[in-house]
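*Asks:* Got a structure for you, start.csv, holding CSV, C-alpha atoms.
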```
chain,number,residue,atom,x,y,z
A,167,MET,CA,75.9,91.3,99.0
A,168,THR,CA,77.1,94.9,99.0
A,169,SER,CA,75.9,97.2,96.3
A,170,ASP,CA,78.4,99.2,94.2
A,171,THR,CA,77.3,102.4,95.8
A,172,THR,CA,78.0,101.3,99.3
A,173,ARG,CA,81.1,99.1,98.8
A,174,THR,CA,84.3,100.7,100.3
A,175,GLU,CA,87.9,99.9,99.7
A,176,PRO,CA,89.7,98.4,102.8
A,177,VAL,CA,92.0,100.8,104.6
A,178,ALA,CA,95.6,99.6,104.5
A,179,SER,CA,97.2,99.1,107.9
A,180,PRO,CA,100.4,100.9,108.7
A,181,THR,CA,102.3,97.6,108.3
A,182,ASP,CA,100.8,97.0,104.9
A,183,ARG,CA,101.7,100.5,103.8
A,184,LEU,CA,105.2,100.0,105.0
A,185,ARG,CA,105.4,96.7,103.0
A,186,ARG,CA,104.3,98.6,99.9
A,187,LEU,CA,106.9,101.4,100.5
A,188,VAL,CA,109.6,98.8,100.9
A,189,ALA,CA,108.5,96.7,97.9
A,190,ARG,CA,108.6,99.8,95.6
A,191,ALA,CA,112.0,101.1,96.8
A,192,GLU,CA,114.8,100.3,94.3
A,193,VAL,CA,116.9,103.1,95.9
A,194,VAL,CA,116.9,104.2,99.6
A,195,LEU,CA,118.2,107.7,100.4
A,196,TRP,CA,119.1,108.3,104.1
A,197,ASP,CA,119.3,111.4,106.1
A,198,PHE,CA,122.3,111.0,108.4
A,199,ASP,CA,122.0,112.6,111.8
A,200,GLY,CA,118.9,110.9,113.2
A,201,PRO,CA,118.1,107.9,111.1
A,202,ILE,CA,121.7,106.6,111.0
A,203,CYS,CA,123.1,108.0,114.2
A,204,ARG,CA,122.7,110.7,116.9
A,205,LEU,CA,125.8,112.6,115.8
A,206,PHE,CA,125.9,115.0,118.8
A,207,SER,CA,125.0,112.6,121.5
A,208,GLY,CA,128.4,113.0,123.2
A,209,HIS,CA,129.4,116.4,121.8
A,210,PRO,CA,126.2,118.4,122.4
A,211,ALA,CA,124.8,120.5,119.5
A,212,PRO,CA,123.8,123.5,121.7
A,213,GLY,CA,127.5,124.1,122.5
A,214,VAL,CA,128.4,123.7,118.9
A,215,ALA,CA,125.7,126.2,117.8
A,216,GLY,CA,126.9,128.6,120.5
A,217,GLY,CA,130.4,128.4,119.3
A,218,LEU,CA,129.3,129.4,115.8
A,219,VAL,CA,127.4,132.3,117.2
A,220,ASP,CA,130.4,133.4,119.2
A,221,TRP,CA,132.6,133.2,116.0
A,222,LEU,CA,130.2,135.4,114.2
A,223,GLU,CA,130.3,137.9,117.1
A,224,THR,CA,134.1,138.1,116.8
A,225,ARG,CA,133.6,139.0,113.1
A,226,GLY,CA,131.1,141.8,114.0
A,227,LEU,CA,128.3,139.8,112.5
A,228,ARG,CA,126.2,138.8,115.6
A,229,GLY,CA,123.6,141.4,114.5
A,230,LEU,CA,122.5,139.4,111.5
A,231,LEU,CA,121.0,136.8,113.8
A,232,THR,CA,117.6,137.1,115.4
A,233,GLU,CA,117.4,136.6,119.2
A,234,ALA,CA,116.0,133.1,118.7
A,235,GLU,CA,118.8,132.2,116.3
A,236,ARG,CA,121.4,133.4,118.9
A,237,ARG,CA,119.9,131.0,121.4
A,238,THR,CA,119.4,128.1,119.1
A,239,ALA,CA,120.5,124.6,119.9
A,240,ASP,CA,120.8,123.7,116.2
A,241,PRO,CA,124.0,124.6,114.3
A,242,GLN,CA,122.1,124.3,111.1
A,243,VAL,CA,120.0,127.3,112.1
A,244,VAL,CA,123.1,129.5,112.3
A,245,LEU,CA,124.2,128.3,108.8
A,246,ARG,CA,120.8,129.2,107.4
A,247,ALA,CA,121.0,132.7,109.0
A,248,VAL,CA,124.3,133.3,107.3
A,249,ASP,CA,122.9,132.1,104.0
A,250,ARG,CA,119.9,134.4,104.4
A,251,ALA,CA,122.2,137.4,105.1
A,252,GLY,CA,124.0,136.9,101.8
A,253,LEU,CA,127.5,137.6,103.3
A,254,GLY,CA,129.4,136.0,100.5
A,255,ARG,CA,131.1,132.7,100.0
A,256,GLY,CA,134.2,133.5,102.2
A,257,VAL,CA,132.2,133.8,105.4
A,258,ALA,CA,130.0,130.9,104.5
A,259,ALA,CA,132.9,128.7,103.7
A,260,GLU,CA,134.7,129.5,107.0
A,261,LEU,CA,131.6,129.0,109.1
A,262,GLU,CA,130.9,125.7,107.3
A,263,GLU,CA,134.4,124.4,107.9
A,264,ARG,CA,134.2,125.3,111.6
A,265,LEU,CA,131.0,123.2,111.8
A,266,THR,CA,132.6,120.4,109.9
A,267,GLN,CA,135.5,120.3,112.4
A,268,GLU,CA,133.0,120.1,115.3
A,269,GLU,CA,131.0,117.4,113.5
A,270,LEU,CA,134.3,115.4,113.0
A,271,ARG,CA,134.9,115.6,116.8
A,272,ALA,CA,131.4,114.5,117.4
A,273,THR,CA,131.8,111.3,115.3
A,274,ALA,CA,134.0,109.8,118.1
A,275,THR,CA,131.0,109.7,120.5
A,276,ALA,CA,128.1,109.5,118.0
A,277,MET,CA,125.4,107.0,119.1
A,278,PRO,CA,124.3,104.6,116.4
A,279,THR,CA,120.6,104.6,115.9
A,280,ALA,CA,119.1,101.4,117.1
A,281,TRP,CA,118.7,98.8,114.3
A,282,ALA,CA,120.3,101.2,111.7
A,283,ASP,CA,123.4,99.1,111.0
A,284,PRO,CA,121.6,95.7,110.4
A,285,LEU,CA,118.9,97.5,108.4
A,286,ILE,CA,121.6,99.1,106.1
A,287,ARG,CA,123.4,95.7,105.7
A,288,THR,CA,120.1,93.9,105.1
A,289,TRP,CA,119.0,96.3,102.4
A,290,THR,CA,122.4,96.0,100.8
A,291,ALA,CA,122.2,92.2,100.8
A,292,LEU,CA,118.9,92.4,99.1
A,293,GLY,CA,120.4,94.4,96.2
A,294,VAL,CA,118.8,97.7,97.1
A,295,ARG,CA,121.1,100.7,96.3
A,296,LEU,CA,121.7,103.2,99.1
A,297,ALA,CA,122.8,106.8,99.3
A,298,VAL,CA,123.1,109.5,102.0
A,299,ALA,CA,121.6,112.9,101.3
A,300,SER,CA,122.3,115.1,104.3
A,301,ASN,CA,122.9,118.6,105.7
A,302,ASN,CA,125.9,117.3,107.4
A,303,SER,CA,129.4,117.3,105.9
A,304,PRO,CA,130.2,114.4,103.6
A,305,ARG,CA,133.6,114.1,105.3
A,306,VAL,CA,131.8,113.5,108.6
A,307,ILE,CA,129.4,111.0,107.1
A,308,GLY,CA,132.2,109.1,105.4
A,309,ALA,CA,134.2,108.9,108.6
A,310,TYR,CA,131.3,107.6,110.6
A,311,LEU,CA,130.3,105.0,108.1
A,312,ALA,CA,133.9,103.8,107.7
A,313,GLY,CA,134.1,103.5,111.5
A,314,ARG,CA,131.0,101.3,111.6
A,315,GLY,CA,132.1,99.1,108.7
A,316,LEU,CA,129.3,100.4,106.5
A,317,ALA,CA,131.2,102.4,103.9
A,318,ASP,CA,130.9,99.6,101.3
A,319,CYS,CA,127.1,99.7,101.6
A,320,PHE,CA,127.0,103.3,100.2
A,321,GLY,CA,130.2,103.4,98.1
A,322,PRO,CA,130.7,106.9,96.7
A,323,HIS,CA,127.0,107.9,97.2
A,324,ILE,CA,127.4,110.4,100.0
A,325,TYR,CA,125.9,113.8,99.3
A,326,GLY,CA,126.1,116.5,101.9
A,327,ARG,CA,126.8,120.1,102.8
A,328,ASP,CA,129.4,122.4,101.4
A,329,ALA,CA,129.9,126.1,101.4
A,330,ALA,CA,126.8,126.6,99.1
A,331,LEU,CA,124.5,126.9,102.1
A,332,HIS,CA,121.4,127.7,99.9
A,333,ARG,CA,121.6,124.0,98.9
A,334,LEU,CA,120.8,122.8,102.4
A,335,LYS,CA,117.5,120.8,102.7
A,336,PRO,CA,114.7,121.5,102.2
A,337,ASP,CA,116.3,122.3,98.9
A,338,PRO,CA,116.2,118.9,97.1
A,339,TYR,CA,119.7,119.5,95.5
A,340,HIS,CA,121.4,116.6,97.3
A,341,LEU,CA,118.5,114.3,96.6
A,342,HIS,CA,118.7,115.1,92.9
A,343,ARG,CA,122.5,114.4,93.0
A,344,ALA,CA,121.9,111.0,94.5
A,345,LEU,CA,119.2,110.1,92.1
A,346,ASN,CA,121.2,111.2,89.1
A,347,ALA,CA,124.3,109.3,90.2
A,348,LEU,CA,122.2,106.2,90.8
A,349,THR,CA,120.3,106.7,87.5
A,350,ALA,CA,117.1,106.3,89.6
A,351,ALA,CA,113.7,107.8,89.0
A,352,PRO,CA,112.2,109.7,92.0
A,353,ALA,CA,109.2,107.2,92.0
A,354,ALA,CA,111.6,104.3,92.6
A,355,ALA,CA,113.2,106.0,95.6
A,356,LEU,CA,112.5,106.2,99.4
A,357,LEU,CA,113.9,108.9,101.7
A,358,ILE,CA,114.3,108.1,105.4
A,359,GLY,CA,114.4,111.3,107.4
A,360,ASP,CA,113.6,112.6,110.8
A,361,SER,CA,112.7,116.3,110.3
A,362,PRO,CA,110.2,118.5,108.4
A,363,VAL,CA,113.0,119.7,106.1
A,364,ASP,CA,113.6,116.1,105.1
A,365,HIS,CA,109.9,115.7,104.3
A,366,GLU,CA,109.8,119.0,102.3
A,367,ALA,CA,113.0,118.0,100.3
A,368,ALA,CA,111.4,114.7,99.5
A,369,ARG,CA,108.2,116.4,98.4
A,370,ARG,CA,110.1,118.8,96.1
A,371,ALA,CA,112.1,115.9,94.6
A,372,GLY,CA,109.0,113.7,94.1
A,373,VAL,CA,110.5,111.0,96.3
A,374,THR,CA,108.4,109.0,98.8
A,375,PHE,CA,109.1,109.9,102.4
A,376,LEU,CA,109.3,107.7,105.5
A,377,GLY,CA,109.7,109.5,108.8
A,378,TYR,CA,111.8,108.2,111.7
A,379,ALA,CA,110.8,109.7,115.0
A,380,ARG,CA,112.7,108.6,118.1
A,381,ASN,CA,110.3,110.4,120.4
A,382,ALA,CA,106.9,112.0,120.6
A,383,ARG,CA,108.2,115.5,119.9
A,384,LYS,CA,109.8,114.4,116.6
A,385,ALA,CA,106.7,112.5,115.7
A,386,ARG,CA,104.5,115.6,116.3
A,387,LEU,CA,106.8,117.8,114.2
A,388,LEU,CA,106.7,115.3,111.3
A,389,ALA,CA,102.9,114.9,111.5
A,390,ASP,CA,102.5,118.7,111.6
A,391,ALA,CA,104.6,118.9,108.4
A,392,GLY,CA,102.3,116.5,106.7
A,393,ALA,CA,104.3,113.2,106.9
A,394,ARG,CA,101.9,110.3,106.4
A,395,ASP,CA,104.2,107.4,107.2
A,396,VAL,CA,106.2,107.7,110.4
A,397,ILE,CA,107.9,104.9,112.4
A,398,GLY,CA,109.2,105.1,116.0
A,399,SER,CA,111.8,102.3,115.5
A,400,LEU,CA,113.9,101.1,112.6
A,401,GLU,CA,113.2,97.6,113.9
A,402,THR,CA,109.8,97.8,112.4
A,403,LEU,CA,111.3,98.4,109.0
A,404,LEU,CA,113.9,95.6,109.5
A,405,ARG,CA,111.2,93.2,110.4
A,406,VAL,CA,109.3,94.0,107.2
A,407,LEU,CA,112.5,93.3,105.1
A,408,ARG,CA,113.2,90.0,106.9
A,409,GLU,CA,109.6,88.8,106.5
A,410,GLY,CA,110.2,88.9,102.7
A,411,GLY,CA,107.6,89.7,100.1
A,412,PRO,CA,107.7,91.4,96.7
A,413,GLY,CA,110.9,93.4,96.3
A,414,SER,CA,112.4,92.2,99.6
A,415,THR,CA,113.2,88.5,99.1
A,416,PRO,CA,116.9,87.8,99.1
A,417,ARG,CA,118.6,85.5,96.6
A,418,PRO,CA,119.0,81.9,97.9
A,419,GLN,CA,122.8,82.2,98.4
A,420,GLN,CA,122.5,85.4,100.5
A,421,HIS,CA,122.6,85.4,104.3
A,422,LEU,CA,120.9,88.3,106.0
A,423,PRO,CA,122.9,89.8,108.9
A,424,HIS,CA,121.6,89.8,112.4
A,425,HIS,CA,121.6,92.6,114.9
```
Before anything else, please render the file you have as structure tokens.

*Replies:*
Amino acid sequence: MTSDTTRTEPVASPTDRLRRLVARAEVVLWDFDGPICRLFSGHPAPGVAGGLVDWLETRGLRGLLTEAERRTADPQVVLRAVDRAGLGRGVAAELEERLTQEELRATATAMPTAWADPLIRTWTALGVRLAVASNNSPRVIGAYLAGRGLADCFGPHIYGRDAALHRLKPDPYHLHRALNALTAAPAAALLIGDSPVDHEAARRAGVTFLGYARNARKARLLADAGARDVIGSLETLLRVLREGGPGSTPRPQQHLPHH
């Protein structure tokens, strides 16, 4: 018999922790590029970022970027630089629209994230409400979801970038929009994201965060940012849903989709 002073609580396994996250989630918020698809898989992001830098140069604005920002492979970095410079809504709106057009081109060759489609459909079948909260354009997200036959799973709940660049994550603005529209408390929500800015936005909004890392580099970035729960495949999450349990048991007449 163990005394009260030496008894310790069992440490939950990663799978047990995942089950608890799933069981608590009445609403699931998704980041888009990463957890749902690889948007720029066929239309590489470095070229898109370079095009935005070149456009700024034609406007005589290249000097507002640091050397690292001029060489960035991430278009979002260029947007943040413009926001930091405070150039006014006109420049921000034009730059944002240029990126939106590039993202719309990218949807034609975007690579669906493995297991994302069946996971989205399964959660919907279980009655969990879904929304997207993203730094990508809502027009792009809507076009991609419609092309995959997933639009009905999200309905109108797509919240993404506009010309107000200060609202990009890690600002929790789009998470708050989603929660308000779904009349959901932060404690009842789960955000699936793949970057430190997603983790920080969830922290600021009071929403539980689940990291998705498709490679070791992504996993390391999330761990360094303080993410406690990180999975390398959405299949892990789908398996937990299909195993059933509190909060994840479908009604008898429902049929869960297969991959």

*Asks:* Which residues come within 7 Å of A:Arg246, counting only C-alpha atoms, excluding same-chain residues fewer than 4 positions away, as a compact mmCIF listing (two decimals) with C-alpha atoms, in the coordinates of the input?

*Replies:*
```txt
# COMPACT_ATOMS: atom_id res chain seq x y z
CA GLN A 242 122.10 124.30 111.10
CA ARG A 250 119.90 134.40 104.40
CA LEU A 331 124.50 126.90 102.10
```

*Asks:* Give me the residues of stretch 267-367 of chain A that have any atom at most 8 Å from an atom of stretch 183-190 of chain A; for each, the nearest atom pair and the distance in Å, rounded to one decimal. Use only C-alpha atoms, sort by chain and number, and format it as a Markdown table.

*Replies:*
```
| residue | atom | partner | partner_atom | distance |
| --- | --- | --- | --- | --- |
| A:Ala354 | CA | A:Arg190 | CA | 6.2 |
| A:Ala355 | CA | A:Arg190 | CA | 7.7 |
| A:Leu356 | CA | A:Leu187 | CA | 7.5 |
```

*Asks:* Take the point (118.4, 116.7, 98.2) as written in the file and pick out every residue within 12 Å of it, counting all atoms listed in the file; give the list as a ChimeraX atom specification.

*Replies:* /A:195-197,297-302,324-327,332-346,352,357-359,363-373

*Asks:* Could you list, as a list in words, every residue within 7 Å of A:Ala329, counting all atoms listed in the file and ignoring same-chain residues fewer than 4 positions away?

*Replies:*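 Skipping anything fewer than 4 positions along the chain leaves Arg255, Ala258, Ala259 and Glu262 of chain A.
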
*Asks:* So what do you get for atom CA of A:Thr349 versus atom CA of A:Ala291, distance-wise?

*Replies:* 19.8 Å

*Asks:* Need the shell around stretch 280-284 of chain A: protein/DNA/RNA residues with any atom at most 10 Å away, counting only C-alpha atoms. Skip same-chain ones fewer than 6 positions apart. Format as a list in words?

*Replies:* Gly200, Pro201, Ile202, Cys203, Arg204, Thr290, Leu311, Arg314, Gly315, Leu316, Arg380, Ser399, Leu400, Glu401, Thr402, Leu403, Leu404, Leu422, Pro423, His424 and His425 of chain A
